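First the structure, in the form of structure tokens, and then the observations on it.
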Amino acid sequence: MWDIFTYPFFQRALLGGVMIGFMAPMLGTYLVLRRLSMIGDTIAHVSIAGVALGFLLGVYPVGAGLVFALLAALAIERLRSAYRTYAELSIAILMSGGVALATFLFTLGQGFNMNVTSYFFGSVYSLDWADLALIFVVTAVSAAVVALHRKEFFLLSFDEDAASVSGLPVRALNVALTVLTALVISVAIKIVGALLVSALLTIPVASSLLVSRSFKQSFLGAILFSEAAVAAGLTAAGAFNLAPGATIVLILIGILMV
């Protein structure tokens with residue numbers, strides 16, 4: 001069982017998983033508090049359409065998915081501004097459009113459907129150094145932005161009106177948070193898959209909220225639960241030939257139940 005830690009492909013998977021396990025709940029805490037838990041699923045579905053287009057054009061699929069995720073993030077913020085009273089409409093519209101576009105692109109390239117499948121369910125053991133480099137850059141940028149604007153994001157999460165009255169650039173902060181979420185999701189789909197990626201954003205936060213008494217405890221607890229599930233899930237999946245993404249999410253649900 002422990003021999004798997006000596007394999008380069010597993011070392012890359014573990015390194016990538018640890019970085020995603022840190023980023024996802026870090027941003028997920030703010031998303032859950034702002035009642036935007038479903039934004040992860042929406043951006044993930046649009047990102048898959050980008051991955052499909054990447055295969056069609058013969059370009060780096062994760063890079064194409066990242067571009068689509070960023071466009072989806074900007075579109076969500078635009079629609080949220082247009083439908084202030086019904087802000088959740090932006091998520092429903094973009095999710096429908098993402099699924100439709102991905103399905104359309106699948107039909108244009110019958111020969112690459114099996115390759116795209118790995119992005120639906122995750123293919124963490126196929127991470128290469130280019131993937132890790134991209135994940136590292138996204139991790140560094142996300143951590144830096146949150147560290148610099150943690151107070152602003154905190155106020156924005158609990159009372160957007162108060163943040164606006166206080167003179168904070170609410171629109172810019174909203175866009176920044178949504179764009180960071182898009183970046184994290186686009187690099188995470190290769191680890192847990194588009195169908196499960198929102199679990200890393202929400203379930204660790206849900207677990208932490210049950211046992212924490214402050215925002216700081218919730219924030220740190222979510223990251224701790226996420227990292228524990230990623231490490232345990234990848235190890236169990238590698239040792240017993242299980243699906244890595246599904247194993248991680250099931251462990252997260254087990255933590256939540258406990």
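Identifiers in this document derive from the order of the structure tokens: chains are assigned A, B, ..., residues are numbered from 1 separately in each chain, and ligands are numbered from 1 in order of occurrence.
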Item to complete: Assign secondary structure with DSSP using the backbone only, and return the residues of range 15-172 of chain A in alpha helix (DSSP H) as an NGL selection string.
Response: :A and (15-33 or 39-57 or 61-82 or 88-108 or 113-121 or 129-148 or 150-158 or 160-165 or 170-172)
Do you have, as a Markdown table, the list of residues of range 68-159 of chain A lying at most 10 Å from range 170-183 of chain A, each with its nearest atom pair and that distance in Å to one decimal, counting only C-alpha atoms and ordered by chain then number?
| residue | atom | partner | partner_atom | distance |
| --- | --- | --- | --- | --- |
| A:Phe68 | CA | A:Ala182 | CA | 8.8 |
| A:Ala69 | CA | A:Ala182 | CA | 5.1 |
| A:Leu70 | CA | A:Ala182 | CA | 5.6 |
| A:Leu71 | CA | A:Val179 | CA | 8.7 |
| A:Ala72 | CA | A:Ala182 | CA | 7.8 |
| A:Ala73 | CA | A:Thr178 | CA | 5.5 |
| A:Leu74 | CA | A:Val175 | CA | 6.8 |
| A:Ala75 | CA | A:Val175 | CA | 9.8 |
| A:Ile76 | CA | A:Thr178 | CA | 8.2 |
| A:Glu77 | CA | A:Val175 | CA | 6.4 |
| A:Arg78 | CA | A:Val175 | CA | 9.2 |
| A:Ser81 | CA | A:Arg171 | CA | 9.0 |
| A:Leu134 | CA | A:Leu183 | CA | 9.8 |
| A:Ile135 | CA | A:Leu183 | CA | 9.0 |
| A:Val137 | CA | A:Leu183 | CA | 10.0 |
| A:Val138 | CA | A:Leu183 | CA | 6.5 |
| A:Thr139 | CA | A:Leu183 | CA | 9.1 |
| A:Val141 | CA | A:Leu180 | CA | 8.3 |
| A:Ser142 | CA | A:Leu180 | CA | 6.2 |
| A:Ala143 | CA | A:Leu180 | CA | 9.7 |
| A:Val145 | CA | A:Ala176 | CA | 8.5 |
| A:Val146 | CA | A:Leu177 | CA | 8.7 |
| A:His149 | CA | A:Leu173 | CA | 8.7 |
| A:Glu152 | CA | A:Leu173 | CA | 7.9 |
| A:Phe153 | CA | A:Leu173 | CA | 7.3 |
| A:Leu156 | CA | A:Val170 | CA | 7.3 |
| A:Ser157 | CA | A:Asn174 | CA | 9.8 |
Practice prompt. Please provide as a PyMOL selection string all residues within 12 Å of Leu209 in chain A, with the sequence filter that same-chain residues fewer than 2 positions apart are discarded (counting only C-alpha atoms).
Written response: chain A and resi 25+28-29+32-33+202-207+211-223+225+256
Kindly save the residues from that selection, with N, CA, C and O atoms included, as an mmCIF file, in the first residue's frame.
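Final output, saved to part-v6.cif:
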data_model
loop_
_atom_site.group_PDB
_atom_site.id
_atom_site.type_symbol
_atom_site.label_atom_id
_atom_site.label_comp_id
_atom_site.auth_asym_id
_atom_site.auth_seq_id
_atom_site.Cartn_x
_atom_site.Cartn_y
_atom_site.Cartn_z
ATOM 1 N N PRO A 25 -11.931 25.212 -0.492
ATOM 2 C CA PRO A 25 -12.711 25.657 0.673
ATOM 3 C C PRO A 25 -12.405 27.092 1.095
ATOM 4 O O PRO A 25 -13.245 27.751 1.707
ATOM 5 N N GLY A 28 -14.662 28.734 -1.090
ATOM 6 C CA GLY A 28 -15.987 28.190 -0.825
ATOM 7 C C GLY A 28 -16.629 28.773 0.422
ATOM 8 O O GLY A 28 -17.859 28.912 0.486
ATOM 9 N N THR A 29 -15.820 29.129 1.405
ATOM 10 C CA THR A 29 -16.361 29.734 2.624
ATOM 11 C C THR A 29 -17.120 31.010 2.300
ATOM 12 O O THR A 29 -18.244 31.228 2.775
ATOM 13 N N VAL A 32 -20.394 30.122 0.208
ATOM 14 C CA VAL A 32 -21.474 29.556 1.018
ATOM 15 C C VAL A 32 -22.149 30.646 1.843
ATOM 16 O O VAL A 32 -23.384 30.720 1.932
ATOM 17 N N LEU A 33 -21.353 31.521 2.454
ATOM 18 C CA LEU A 33 -21.920 32.589 3.265
ATOM 19 C C LEU A 33 -22.730 33.567 2.423
ATOM 20 O O LEU A 33 -23.672 34.192 2.915
ATOM 21 N N THR A 202 -18.053 23.285 -1.165
ATOM 22 C CA THR A 202 -19.165 23.434 -0.229
ATOM 23 C C THR A 202 -19.151 22.476 0.962
ATOM 24 O O THR A 202 -19.401 22.904 2.090
ATOM 25 N N ILE A 203 -18.859 21.189 0.743
ATOM 26 C CA ILE A 203 -18.999 20.214 1.833
ATOM 27 C C ILE A 203 -18.020 20.466 2.985
ATOM 28 O O ILE A 203 -18.414 20.380 4.156
ATOM 29 N N PRO A 204 -16.743 20.787 2.721
ATOM 30 C CA PRO A 204 -15.860 21.113 3.857
ATOM 31 C C PRO A 204 -16.371 22.310 4.655
ATOM 32 O O PRO A 204 -16.261 22.338 5.882
ATOM 33 N N VAL A 205 -16.936 23.293 3.956
ATOM 34 C CA VAL A 205 -17.485 24.468 4.637
ATOM 35 C C VAL A 205 -18.703 24.074 5.462
ATOM 36 O O VAL A 205 -18.871 24.517 6.611
ATOM 37 N N ALA A 206 -19.560 23.222 4.899
ATOM 38 C CA ALA A 206 -20.751 22.763 5.619
ATOM 39 C C ALA A 206 -20.358 22.029 6.897
ATOM 40 O O ALA A 206 -20.988 22.209 7.950
ATOM 41 N N SER A 207 -19.314 21.213 6.814
ATOM 42 C CA SER A 207 -18.840 20.489 7.995
ATOM 43 C C SER A 207 -18.289 21.450 9.036
ATOM 44 O O SER A 207 -18.566 21.330 10.232
ATOM 45 N N VAL A 211 -19.322 22.976 13.563
ATOM 46 C CA VAL A 211 -18.488 22.837 14.767
ATOM 47 C C VAL A 211 -17.733 24.124 15.114
ATOM 48 O O VAL A 211 -17.020 24.168 16.116
ATOM 49 N N SER A 212 -17.859 25.149 14.311
ATOM 50 C CA SER A 212 -17.098 26.379 14.530
ATOM 51 C C SER A 212 -17.951 27.442 15.204
ATOM 52 O O SER A 212 -19.168 27.476 15.049
ATOM 53 N N ARG A 213 -17.271 28.336 15.915
ATOM 54 C CA ARG A 213 -17.972 29.406 16.632
ATOM 55 C C ARG A 213 -17.610 30.790 16.106
ATOM 56 O O ARG A 213 -18.054 31.788 16.673
ATOM 57 N N SER A 214 -16.787 30.840 15.071
ATOM 58 C CA SER A 214 -16.406 32.127 14.500
ATOM 59 C C SER A 214 -16.085 31.939 13.029
ATOM 60 O O SER A 214 -15.908 30.815 12.553
ATOM 61 N N PHE A 215 -15.990 33.065 12.330
ATOM 62 C CA PHE A 215 -15.647 32.992 10.913
ATOM 63 C C PHE A 215 -14.261 32.395 10.729
ATOM 64 O O PHE A 215 -14.040 31.566 9.835
ATOM 65 N N LYS A 216 -13.311 32.801 11.557
ATOM 66 C CA LYS A 216 -11.942 32.305 11.444
ATOM 67 C C LYS A 216 -11.886 30.797 11.635
ATOM 68 O O LYS A 216 -11.207 30.084 10.889
ATOM 69 N N GLN A 217 -12.616 30.297 12.631
ATOM 70 C CA GLN A 217 -12.652 28.846 12.854
ATOM 71 C C GLN A 217 -13.296 28.126 11.675
ATOM 72 O O GLN A 217 -12.833 27.058 11.270
ATOM 73 N N SER A 218 -14.346 28.698 11.128
ATOM 74 C CA SER A 218 -15.007 28.086 9.967
ATOM 75 C C SER A 218 -14.065 28.040 8.776
ATOM 76 O O SER A 218 -13.991 27.041 8.061
ATOM 77 N N PHE A 219 -13.347 29.122 8.572
ATOM 78 C CA PHE A 219 -12.408 29.245 7.449
ATOM 79 C C PHE A 219 -11.313 28.196 7.551
ATOM 80 O O PHE A 219 -11.056 27.434 6.606
ATOM 81 N N LEU A 220 -10.660 28.135 8.710
ATOM 82 C CA LEU A 220 -9.553 27.190 8.899
ATOM 83 C C LEU A 220 -10.053 25.746 8.972
ATOM 84 O O LEU A 220 -9.408 24.832 8.451
ATOM 85 N N GLY A 221 -11.203 25.558 9.585
ATOM 86 C CA GLY A 221 -11.755 24.205 9.695
ATOM 87 C C GLY A 221 -12.112 23.623 8.346
ATOM 88 O O GLY A 221 -11.896 22.429 8.086
ATOM 89 N N ALA A 222 -12.653 24.449 7.463
ATOM 90 C CA ALA A 222 -13.008 23.980 6.126
ATOM 91 C C ALA A 222 -11.768 23.501 5.369
ATOM 92 O O ALA A 222 -11.794 22.463 4.704
ATOM 93 N N ILE A 223 -10.683 24.264 5.479
ATOM 94 C CA ILE A 223 -9.438 23.864 4.817
ATOM 95 C C ILE A 223 -8.903 22.570 5.417
ATOM 96 O O ILE A 223 -8.450 21.671 4.694
ATOM 97 N N PHE A 225 -10.600 20.113 6.958
ATOM 98 C CA PHE A 225 -11.431 18.988 6.528
ATOM 99 C C PHE A 225 -11.154 18.628 5.070
ATOM 100 O O PHE A 225 -11.097 17.446 4.709
ATOM 101 N N LEU A 256 -18.912 15.074 7.179
ATOM 102 C CA LEU A 256 -20.090 15.892 7.451
ATOM 103 C C LEU A 256 -21.085 15.127 8.338
ATOM 104 O O LEU A 256 -21.651 15.685 9.290
#
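By only C-alpha atoms, and with residues fewer than 4 positions from range 237-252 of chain A along its chain excluded, the set lying at most 6 Å from it is Met1, Gly122, Val192, Ala229, Val230 and Gly233 of chain A.
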Worksheet entry | Distance query Ser126 in chain A at most 12 Å, only C-alpha atoms, self and fewer than 5 positions along chain excluded, as a list in words |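 Final neighbour list, sorted by chain and number: Pro8, Phe9, Phe10, Gln11, Arg12, Ala13, Leu14, Gly16, Asn115, Ser118, Tyr119, Asp131, Leu132, Lys190, Ile191, Val192 and Pro244 of chain A.
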Could you turn the residues from that selection into a file that holds C-alpha atoms, as a tab-separated table (two decimals), in the first residue's frame?
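See part.tsv below for the written result:
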chain	number	residue	atom	x	y	z
A	8	PRO	CA	5.95	9.93	-9.59
A	9	PHE	CA	2.37	9.98	-10.95
A	10	PHE	CA	0.97	9.62	-7.41
A	11	GLN	CA	3.31	12.27	-6.04
A	12	ARG	CA	2.05	14.68	-8.71
A	13	ALA	CA	-1.55	13.74	-7.91
A	14	LEU	CA	-1.01	14.30	-4.20
A	16	GLY	CA	-2.06	18.84	-7.06
A	115	ASN	CA	-11.09	11.77	-23.61
A	118	SER	CA	-12.10	11.97	-17.73
A	119	TYR	CA	-12.87	15.64	-17.16
A	131	ASP	CA	-1.00	20.94	-14.99
A	132	LEU	CA	0.84	21.29	-11.68
A	190	LYS	CA	-9.03	17.20	-13.73
A	191	ILE	CA	-8.70	16.10	-10.11
A	192	VAL	CA	-12.29	15.50	-8.97
A	244	PRO	CA	-10.15	9.23	-6.76
Worksheet entry | Residue contacts of Phe104 in chain A (10 Å, only C-alpha atoms) excluding same-chain residues fewer than 5 positions away, as a PyMOL selection string | chain A and resi 49+52+98-99+109
Writing out the chosen residues with N, CA, C and O atoms as a PDB file, in the first residue's frame:
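Okay, result-v8.pdb is ready:
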ATOM      1  N   ALA A  49     -17.389  22.665 -21.521  1.00  0.00           N
ATOM      2  CA  ALA A  49     -17.579  23.061 -22.919  1.00  0.00           C
ATOM      3  C   ALA A  49     -16.274  23.585 -23.496  1.00  0.00           C
ATOM      4  O   ALA A  49     -15.927  23.316 -24.653  1.00  0.00           O
ATOM      5  N   ALA A  52     -13.992  20.637 -24.223  1.00  0.00           N
ATOM      6  CA  ALA A  52     -14.409  19.989 -25.467  1.00  0.00           C
ATOM      7  C   ALA A  52     -13.915  20.766 -26.686  1.00  0.00           C
ATOM      8  O   ALA A  52     -13.417  20.190 -27.657  1.00  0.00           O
ATOM      9  N   GLY A  98     -24.161  26.205 -20.505  1.00  0.00           N
ATOM     10  CA  GLY A  98     -22.939  25.406 -20.484  1.00  0.00           C
ATOM     11  C   GLY A  98     -23.176  23.972 -20.894  1.00  0.00           C
ATOM     12  O   GLY A  98     -22.424  23.399 -21.691  1.00  0.00           O
ATOM     13  N   VAL A  99     -24.243  23.364 -20.347  1.00  0.00           N
ATOM     14  CA  VAL A  99     -24.578  21.985 -20.710  1.00  0.00           C
ATOM     15  C   VAL A  99     -24.926  21.883 -22.188  1.00  0.00           C
ATOM     16  O   VAL A  99     -24.492  20.959 -22.888  1.00  0.00           O
ATOM     17  N   GLY A 109     -17.489  16.398 -32.453  1.00  0.00           N
ATOM     18  CA  GLY A 109     -16.239  15.621 -32.412  1.00  0.00           C
ATOM     19  C   GLY A 109     -16.456  14.273 -31.764  1.00  0.00           C
ATOM     20  O   GLY A 109     -16.094  14.049 -30.611  1.00  0.00           O
TER      21      GLY A 109
END
Fill in: Shortest interatomic distance to Arg35 in chain A - which of A:Leu210, A:Ala64, A:Val165, A:Ile91, counting only C-alpha atoms
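Using only C-alpha atoms, the shortest distance to Arg35 in chain A belongs to A:Ile91.
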Item to complete: Find, counting only C-alpha atoms, the residue in A:Ile189, A:Leu101, A:Leu108, A:Met19 that gets nearest to Pro61 in chain A.
Response: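 Among A:Ile189, A:Leu101, A:Leu108, A:Met19, it is A:Ile189 that comes nearest to Pro61 in chain A.
We find CA of Leu89 in chain A and CA of Thr42 in chain A to be spaced 11.4 Å apart.
Distances to Ser90 in chain A were evaluated for A:Phe136, A:Ile48, A:Ile39, A:Tyr7 using only C-alpha atoms, and the minimum falls at A:Ile39.
Between CA of Phe120 in chain A and CA of Ala194 in chain A the separation is 4.7 Å.
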Practice prompt. Please indicate the distance in Å from CA of Asp128 in chain A to CA of Ala232 in chain A, rounded to one decimal place.
Written response: 21.2 Å
Worksheet item: Within 8 Å of Gly40 in chain A, counting only C-alpha atoms, which residues qualify if same-chain residues fewer than 2 places away don't, as JSON, numbers by chain?
Response: {"A": [37, 38, 42, 43, 44, 181, 182, 185, 197, 198, 201]}
